Amino acid sequence: MALADIGFSIRTMITELGHFALILAFAVAIVQMVVPLVGAHKGWSGWMAVAEPAATVQFLLTAVSFAALTHAFVTSDFSVQLVVANSHTAKPMLYKVSGVWGNHEGSMLLWVLILTLFGALAAWFGGNLPPTLRARVLGVQSAIAVAFFAFILFTSNPFVRMAIPPFNGQDLNPLLQDPGLAFHPPFLYLGYVGLSICFSFAVAALIEGRVDAAWARWVRPWTLLSWMFLTVGIALGSWWAYYELGWGGFWFWDPVENASFMPWLIAAALLHSAIVVEKREALKSWTILLAIMAFGFSLIGTFIVRSGVITSVHAFANDPERGVFILMILAVFMGGALILYAARAGVMQAKGVFGVVSRETALVLNNVLLAVSALVVFIGTIWPLVAEMAFARKLSVGPPFFDMAFTPFMVILALILPVGAILPWKRARIGRALKQLRWALILALALGALAWAMQTGRSSLGPVGLFLGTWLVAGSVVDLLGRTGRGAIGARLRRMARLPRADWGKAVAHAGLGVTIFGVAALTAWQQEDIRVTRIGERFQVGDWGIQLDDVQRLQGPNYVTTQGTISVWRDDTKLYELTPEKRVYPVAGMPTTEAAIHNGILRDIYLVIGDPQNDGGWAVRTYLKPFANWIWTGAIIMAFGGVLSLSDRRYRVAAGAAKAAARPAAVPAE
């Protein structure tokens with residue numbers, strides 16, 4: 001009994017330490033917000049120097065707080081209200097840990113941990129930034145942290161205690177008890193919150209009155225890092241929805257899905273726009289606006305997920321008070337940044353001029369398409385709320401709207417990407433670019449025509465997707481080869497291997513987009529679906545495959561009871577695969593889930609779902625044949641890998657870029 005009391009006391013002490021560390025981090029964030037900004041304004045180097053150690057201490061204190069909450073979940077400390085609501089002693093360890101961020105309060109603590117991490121990274125790797133800019137970046141970043149520390153401590157405290165701890169908890173939402181979703185939120189938050197540092201760079205540049213090539217070189221790696229994490233996070237969420245929810249889809253245009261997709265589109269535009277600022281000192285005003293809006297859409301996504309104003313299967317159900325607080329944060333930071341943006345419009349005049357046909361023009365068109373696409377998604381997401389508030393009408397905006405309104409912009413974007421990538425800066429000839437791409441165009445048209453000829457009575461989506469995907473991949477290859485000059489193919493390949501990693505990264509990312517576009521089009525156009533009631537031992541045909549329900553049994557899992565079907569897959573008279581779809585019930589949460597059984601293949605997936613028993617003794621079985629499904633997420637991985645390649649290019653590291661800029665005469669800050 002004494003040992004149990006000691007253990008309880010230690011757990012209590014660790015929990016209280018985590019709470020205290022969170023409060024201390026809040027205090028340090030206030031100091032970091034005020035002192036460096038005042039020092040930068042007055043030119044006091046000692047005050048500016050406070051920013052770097054404060055950023056480190058703030059991150060370490062937040063990490064201690066997060067570790068304490070994780071300890072409470074791992075040890076099943078049911079004196080903590082959050083652990084009671086989202087954990088259970090019978091839950092596997094992975095889901096005890098992921099339960100930390102599988103709720104509103106814990107996920108917000110993860111949000112702030114990542115926010116302070118990016119602030120600390122800017123302090124650690126921003127040594128070659130001008131002192132005033134570094135101080136202002138860290139001050140603005142800490143101002144964001146202050147707002148969210150206040151939000152957590154005053155409305156969403158994860159360390160609230162129970163007066164009488166229960167013997168066990170209420171378990172985590174069963175849909176979240178999955179490896180894919182255990183890793184999905186951290187990656188998504190690294191992208192969401194990483195865009196805050198781009199916002200801080202933009203606001204700091206506006207305060208200084210300095211937006212130039214050096215600034216673009218500093219902000220690009222942070223944007224690229226955030227975009228990479230968002231790409232992986234969105235792909236993980238899509239993959240989870242595909243195999244876990246049992247509905248056979250990978251994207252439903254759900255408001256929470258859209259909340260992550262909008263910042264991804266804006267971040268992609270920011271990446272391309274910053275290139276123009278760096279290379280040509282043009283598009284300064286637009287690039288600053290994109291940096292502000294990228295983080296602004298992240299805040300909008302946070303509001304959508306946590307305010308309860310929009311219904312979604314992914315959203316956290318919360319009271320309106322929290323939504324109002326987030327709305328105030330959004331108004332203060334976005335409103336303040338846009339006011340400053342308007343006031344500083346005069347210092348962002350473009351220097352570079354360029355022709356109508358040039359790489360700059362292609363990048364402008366790229367930006368317009370991405371920004372308008374994000375606007376379309378935003379309107380479709382927020383319109384049901386606007387209609388209900390303004391017209392007292394309940395409306396639902398579903399996939400048909402998004403598919404029709406969004407797809408044309410992506411088609412145009414895919415068409416211009418290979419052309420824009422090989423156009424020279426300042427002035428170009430479109431005929432010369434198209435001549436370089438003629439073999440890529442011929443290959444894409446040939447494959448598209450082949451797909452059109454092979455399919456019968458179906459839509460043009462599949463052939464068009466194959467054409468666009470091939471055009472992007474082949475165009476990326478042409479882009480790389482075009483940078484190797486003339487000569488024998490062996491010599492050109494050797495020169496291609498020595499190209500800068502940023503060039504490889506761009507080509508790989510564009511090719512990855514082509515793979516994803518083809519995967520989406522092929523799956524949408526060519527998938528086959530069969531829903532029927534079948535008895536044990538019966539076989540039926542779906543496409544070229546025979547499907548037979550062999551057995552159904554009831555089994556006990558670690559913290560659930562499952563009805564598991566055994567279904568064999570046949571080709572002619574040969575049994576090839578045996579799959580086991582399930583329907584699980586989690587007794588503690590009182591919630592059922594569907595576990596699809598999928599045989600993955602390079603060219604197709606066989607996707608099986610077991611349904612409910614029928615009165616005649618049969619079972620409902622859903623069968624999908626999904627061609628090229630895995631190409632969707634393979635393309636996303638390729639895109640992220642392209643980002644890694646670009647980020648590894650020493651020319652685009654923050655320190656290297658700043659070191660180059662330090663050799664140039666500094667711009668005179670606006671008074």
# chains A, B, ... in the order shown; residues from 1 in each chain; ligands from 1

call {"tool": "residues_around", "arguments": {"residues": "Ile300 (chain A)", "least_positions_apart": "4", "cutoff": "10 Å", "atoms": "only C-alpha atoms", "output": "list in words"}}
result
Ala259, Ser260, Met262, Pro263, Met293, Ala294, Phe295, Gly296, Ile304, Val305, Arg306, Ile326, Leu327, Leu330 and Phe378 of chain A

call {"tool": "residues_around", "arguments": {"residues": "region 444-448 of chain A", "least_positions_apart": "4", "cutoff": "6 Å", "atoms": "only C-alpha atoms", "output": "PyMOL selection string"}}
result
chain A and resi 463+466-467+470-471

call {"tool": "residues_around", "arguments": {"residues": "Ala337 (chain A)", "least_positions_apart": "6", "cutoff": "9 Å", "atoms": "only C-alpha atoms", "output": "list in words"}}
result
Phe199, Ala202, Val203, Leu206 and Ile292 of chain A

call {"tool": "select_by_dssp", "arguments": {"residues": "region 346-555 of chain A", "states": "strand (DSSP E)", "output": "list in words"}}
result
Gln528, Glu529, Asp530, Ile531, Arg532, Val533, Thr534, Arg539, Phe540, Gln541, Val542, Trp545, Gly546, Ile547, Gln548, Leu549, Asp550, Asp551, Val552, Gln553, Arg554 and Leu555 of chain A

call {"tool": "select_by_dssp", "arguments": {"residues": "region 146-235 of chain A", "states": "alpha helix (DSSP H)", "output": "CSV table (one decimal) with N, CA and C atoms, in the first residue's frame"}}
result
chain,number,residue,atom,x,y,z
A,146,VAL,N,2.5,33.2,-27.3
A,146,VAL,CA,1.8,33.8,-26.1
A,146,VAL,C,0.3,33.6,-26.3
A,147,ALA,N,-0.2,33.9,-27.5
A,147,ALA,CA,-1.7,33.7,-27.7
A,147,ALA,C,-2.1,32.3,-27.5
A,148,PHE,N,-1.3,31.3,-27.9
A,148,PHE,CA,-1.8,29.9,-27.8
A,148,PHE,C,-1.5,29.4,-26.4
A,149,PHE,N,-0.4,29.9,-25.7
A,149,PHE,CA,-0.3,29.5,-24.3
A,149,PHE,C,-1.5,30.0,-23.5
A,150,ALA,N,-1.9,31.2,-23.8
A,150,ALA,CA,-3.1,31.7,-23.1
A,150,ALA,C,-4.3,30.9,-23.4
A,151,PHE,N,-4.5,30.5,-24.7
A,151,PHE,CA,-5.6,29.7,-25.1
A,151,PHE,C,-5.6,28.4,-24.3
A,152,ILE,N,-4.5,27.8,-24.2
A,152,ILE,CA,-4.4,26.5,-23.5
A,152,ILE,C,-4.7,26.6,-22.0
A,153,LEU,N,-4.0,27.6,-21.4
A,153,LEU,CA,-4.1,27.7,-19.9
A,153,LEU,C,-5.5,28.2,-19.5
A,154,PHE,N,-6.1,29.0,-20.3
A,154,PHE,CA,-7.4,29.6,-19.8
A,154,PHE,C,-8.6,28.9,-20.3
A,155,THR,N,-8.5,28.1,-21.4
A,155,THR,CA,-9.7,27.4,-22.0
A,155,THR,C,-9.5,26.0,-22.2
A,179,PRO,N,-2.3,2.8,-36.4
A,179,PRO,CA,-0.9,3.3,-36.6
A,179,PRO,C,-0.8,4.5,-37.5
A,180,GLY,N,-1.6,4.5,-38.6
A,180,GLY,CA,-1.6,5.6,-39.6
A,180,GLY,C,-2.0,6.9,-38.9
A,181,LEU,N,-3.1,6.8,-38.2
A,181,LEU,CA,-3.5,8.1,-37.5
A,181,LEU,C,-2.7,8.5,-36.3
A,182,ALA,N,-2.0,7.5,-35.8
A,182,ALA,CA,-1.1,7.9,-34.6
A,182,ALA,C,0.0,8.8,-35.1
A,183,PHE,N,0.5,8.7,-36.4
A,183,PHE,CA,1.5,9.5,-36.9
A,183,PHE,C,1.0,10.7,-37.7
A,184,HIS,N,-0.2,10.6,-38.2
A,184,HIS,CA,-0.8,11.7,-39.0
A,184,HIS,C,-0.8,13.0,-38.4
A,185,PRO,N,-1.3,13.2,-37.1
A,185,PRO,CA,-1.4,14.6,-36.6
A,185,PRO,C,0.0,15.2,-36.3
A,186,PRO,N,1.0,14.5,-35.8
A,186,PRO,CA,2.3,15.2,-35.7
A,186,PRO,C,2.9,15.7,-37.0
A,187,PHE,N,2.8,14.9,-38.0
A,187,PHE,CA,3.3,15.4,-39.3
A,187,PHE,C,2.5,16.6,-39.8
A,188,LEU,N,1.1,16.5,-39.7
A,188,LEU,CA,0.3,17.6,-40.1
A,188,LEU,C,0.6,18.9,-39.3
A,189,TYR,N,0.7,18.8,-38.0
A,189,TYR,CA,1.0,19.9,-37.2
A,189,TYR,C,2.4,20.5,-37.5
A,190,LEU,N,3.4,19.7,-37.8
A,190,LEU,CA,4.7,20.2,-38.2
A,190,LEU,C,4.6,21.1,-39.5
A,191,GLY,N,3.6,20.7,-40.4
A,191,GLY,CA,3.4,21.5,-41.5
A,191,GLY,C,2.6,22.8,-41.2
A,192,TYR,N,1.4,22.6,-40.6
A,192,TYR,CA,0.5,23.7,-40.1
A,192,TYR,C,1.3,24.7,-39.4
A,193,VAL,N,1.9,24.3,-38.3
A,193,VAL,CA,2.6,25.3,-37.4
A,193,VAL,C,3.9,25.8,-38.0
A,194,GLY,N,4.5,24.9,-38.8
A,194,GLY,CA,5.8,25.4,-39.4
A,194,GLY,C,5.6,26.7,-40.2
A,195,LEU,N,4.4,26.8,-40.8
A,195,LEU,CA,4.1,28.0,-41.6
A,195,LEU,C,4.1,29.3,-40.7
A,196,SER,N,4.1,29.1,-39.4
A,196,SER,CA,4.1,30.3,-38.5
A,196,SER,C,5.5,31.0,-38.7
A,197,ILE,N,6.6,30.3,-38.9
A,197,ILE,CA,7.9,30.9,-39.0
A,197,ILE,C,7.9,31.8,-40.3
A,198,CYS,N,7.2,31.3,-41.4
A,198,CYS,CA,7.2,32.1,-42.6
A,198,CYS,C,6.4,33.4,-42.3
A,199,PHE,N,5.3,33.3,-41.6
A,199,PHE,CA,4.5,34.5,-41.1
A,199,PHE,C,5.4,35.4,-40.4
A,200,SER,N,6.2,34.9,-39.4
A,200,SER,CA,7.1,35.7,-38.6
A,200,SER,C,8.1,36.4,-39.4
A,201,PHE,N,8.7,35.7,-40.4
A,201,PHE,CA,9.6,36.3,-41.3
A,201,PHE,C,9.0,37.5,-42.1
A,202,ALA,N,7.7,37.2,-42.6
A,202,ALA,CA,7.0,38.3,-43.4
A,202,ALA,C,6.8,39.5,-42.5
A,203,VAL,N,6.2,39.3,-41.3
A,203,VAL,CA,5.9,40.5,-40.5
A,203,VAL,C,7.2,41.2,-40.1
A,204,ALA,N,8.3,40.4,-39.7
A,204,ALA,CA,9.5,41.1,-39.4
A,204,ALA,C,10.1,41.9,-40.5
A,205,ALA,N,10.0,41.4,-41.8
A,205,ALA,CA,10.4,42.1,-42.9
A,205,ALA,C,9.6,43.4,-43.1
A,206,LEU,N,8.3,43.3,-42.9
A,206,LEU,CA,7.5,44.5,-43.0
A,206,LEU,C,7.8,45.5,-42.0
A,207,ILE,N,8.1,45.1,-40.8
A,207,ILE,CA,8.5,46.0,-39.7
A,207,ILE,C,9.8,46.7,-40.1
A,208,GLU,N,10.8,45.9,-40.6
A,208,GLU,CA,12.1,46.5,-41.0
A,208,GLU,C,12.0,47.3,-42.3
A,213,ALA,N,16.2,39.9,-52.1
A,213,ALA,CA,16.5,38.5,-52.4
A,213,ALA,C,17.0,37.7,-51.2
A,214,ALA,N,17.8,38.4,-50.3
A,214,ALA,CA,18.3,37.7,-49.2
A,214,ALA,C,17.1,37.2,-48.3
A,215,TRP,N,16.1,38.0,-48.1
A,215,TRP,CA,14.9,37.6,-47.3
A,215,TRP,C,14.3,36.4,-47.9
A,216,ALA,N,14.1,36.4,-49.3
A,216,ALA,CA,13.5,35.2,-49.9
A,216,ALA,C,14.4,34.0,-49.7
A,217,ARG,N,15.7,34.1,-49.7
A,217,ARG,CA,16.6,33.0,-49.6
A,217,ARG,C,16.4,32.4,-48.1
A,218,TRP,N,16.2,33.3,-47.2
A,218,TRP,CA,16.0,32.9,-45.8
A,218,TRP,C,14.7,32.2,-45.6
A,219,VAL,N,13.6,32.7,-46.2
A,219,VAL,CA,12.3,32.1,-45.9
A,219,VAL,C,12.0,30.9,-46.7
A,220,ARG,N,12.7,30.6,-47.8
A,220,ARG,CA,12.4,29.5,-48.6
A,220,ARG,C,12.6,28.1,-47.9
A,221,PRO,N,13.7,27.9,-47.2
A,221,PRO,CA,13.9,26.6,-46.5
A,221,PRO,C,12.8,26.3,-45.5
A,222,TRP,N,12.3,27.3,-44.8
A,222,TRP,CA,11.2,27.1,-43.8
A,222,TRP,C,9.9,26.8,-44.5
A,223,THR,N,9.7,27.5,-45.6
A,223,THR,CA,8.4,27.1,-46.4
A,223,THR,C,8.5,25.7,-46.9
A,224,LEU,N,9.7,25.4,-47.4
A,224,LEU,CA,9.8,24.0,-48.0
A,224,LEU,C,9.7,22.9,-46.9
A,225,LEU,N,10.3,23.2,-45.8
A,225,LEU,CA,10.2,22.2,-44.7
A,225,LEU,C,8.7,22.0,-44.3
A,226,SER,N,8.0,23.1,-44.1
A,226,SER,CA,6.6,23.0,-43.7
A,226,SER,C,5.7,22.3,-44.8
A,227,TRP,N,6.0,22.7,-46.1
A,227,TRP,CA,5.3,22.1,-47.2
A,227,TRP,C,5.5,20.6,-47.2
A,228,MET,N,6.8,20.1,-47.0
A,228,MET,CA,7.1,18.7,-47.0
A,228,MET,C,6.3,18.0,-45.9
A,229,PHE,N,6.3,18.5,-44.7
A,229,PHE,CA,5.5,17.9,-43.6
A,229,PHE,C,4.0,17.9,-43.9
A,230,LEU,N,3.5,18.9,-44.4
A,230,LEU,CA,2.1,19.0,-44.8
A,230,LEU,C,1.8,17.9,-45.8
A,231,THR,N,2.7,17.7,-46.8
A,231,THR,CA,2.5,16.7,-47.8
A,231,THR,C,2.4,15.3,-47.2
A,232,VAL,N,3.3,15.0,-46.3
A,232,VAL,CA,3.3,13.7,-45.7
A,232,VAL,C,2.1,13.6,-44.8
A,233,GLY,N,1.7,14.6,-44.0
A,233,GLY,CA,0.6,14.5,-43.1
A,233,GLY,C,-0.7,14.3,-43.9
A,234,ILE,N,-0.9,15.1,-45.0
A,234,ILE,CA,-2.1,14.9,-45.8
A,234,ILE,C,-2.2,13.5,-46.4
A,235,ALA,N,-1.1,13.0,-46.9
A,235,ALA,CA,-1.0,11.7,-47.5
A,235,ALA,C,-1.3,10.6,-46.4

call {"tool": "residues_around", "arguments": {"residues": "Pro592 (chain A)", "least_positions_apart": "2", "cutoff": "12 Å", "atoms": "only C-alpha atoms", "output": "list in words"}}
result
Asn173, Pro174, Leu175, Glu244, Leu245, Gly246, Tyr560, Val561, Thr562, Thr563, Glu582, Lys583, Arg584, Val585, Tyr586, Pro587, Val588, Ala589, Gly590, Thr594, Glu595, Gly611 and Asp612 of chain A

call {"tool": "residues_around", "arguments": {"residues": "Val508 (chain A)", "least_positions_apart": "5", "cutoff": "9 Å", "atoms": "only C-alpha atoms", "output": "list in words"}}
result
Val473, Ser476, Val477, Asp503, Leu513, Ile638, Met639, Ala640, Phe641, Gly642, Gly643 and Leu645 of chain A

call {"tool": "closest_residue", "arguments": {"among": "A:Asp479, A:Glu578, A:Asp171, A:Asp573", "to": "Leu549 (chain A)", "atoms": "only C-alpha atoms"}}
result
A:Glu578
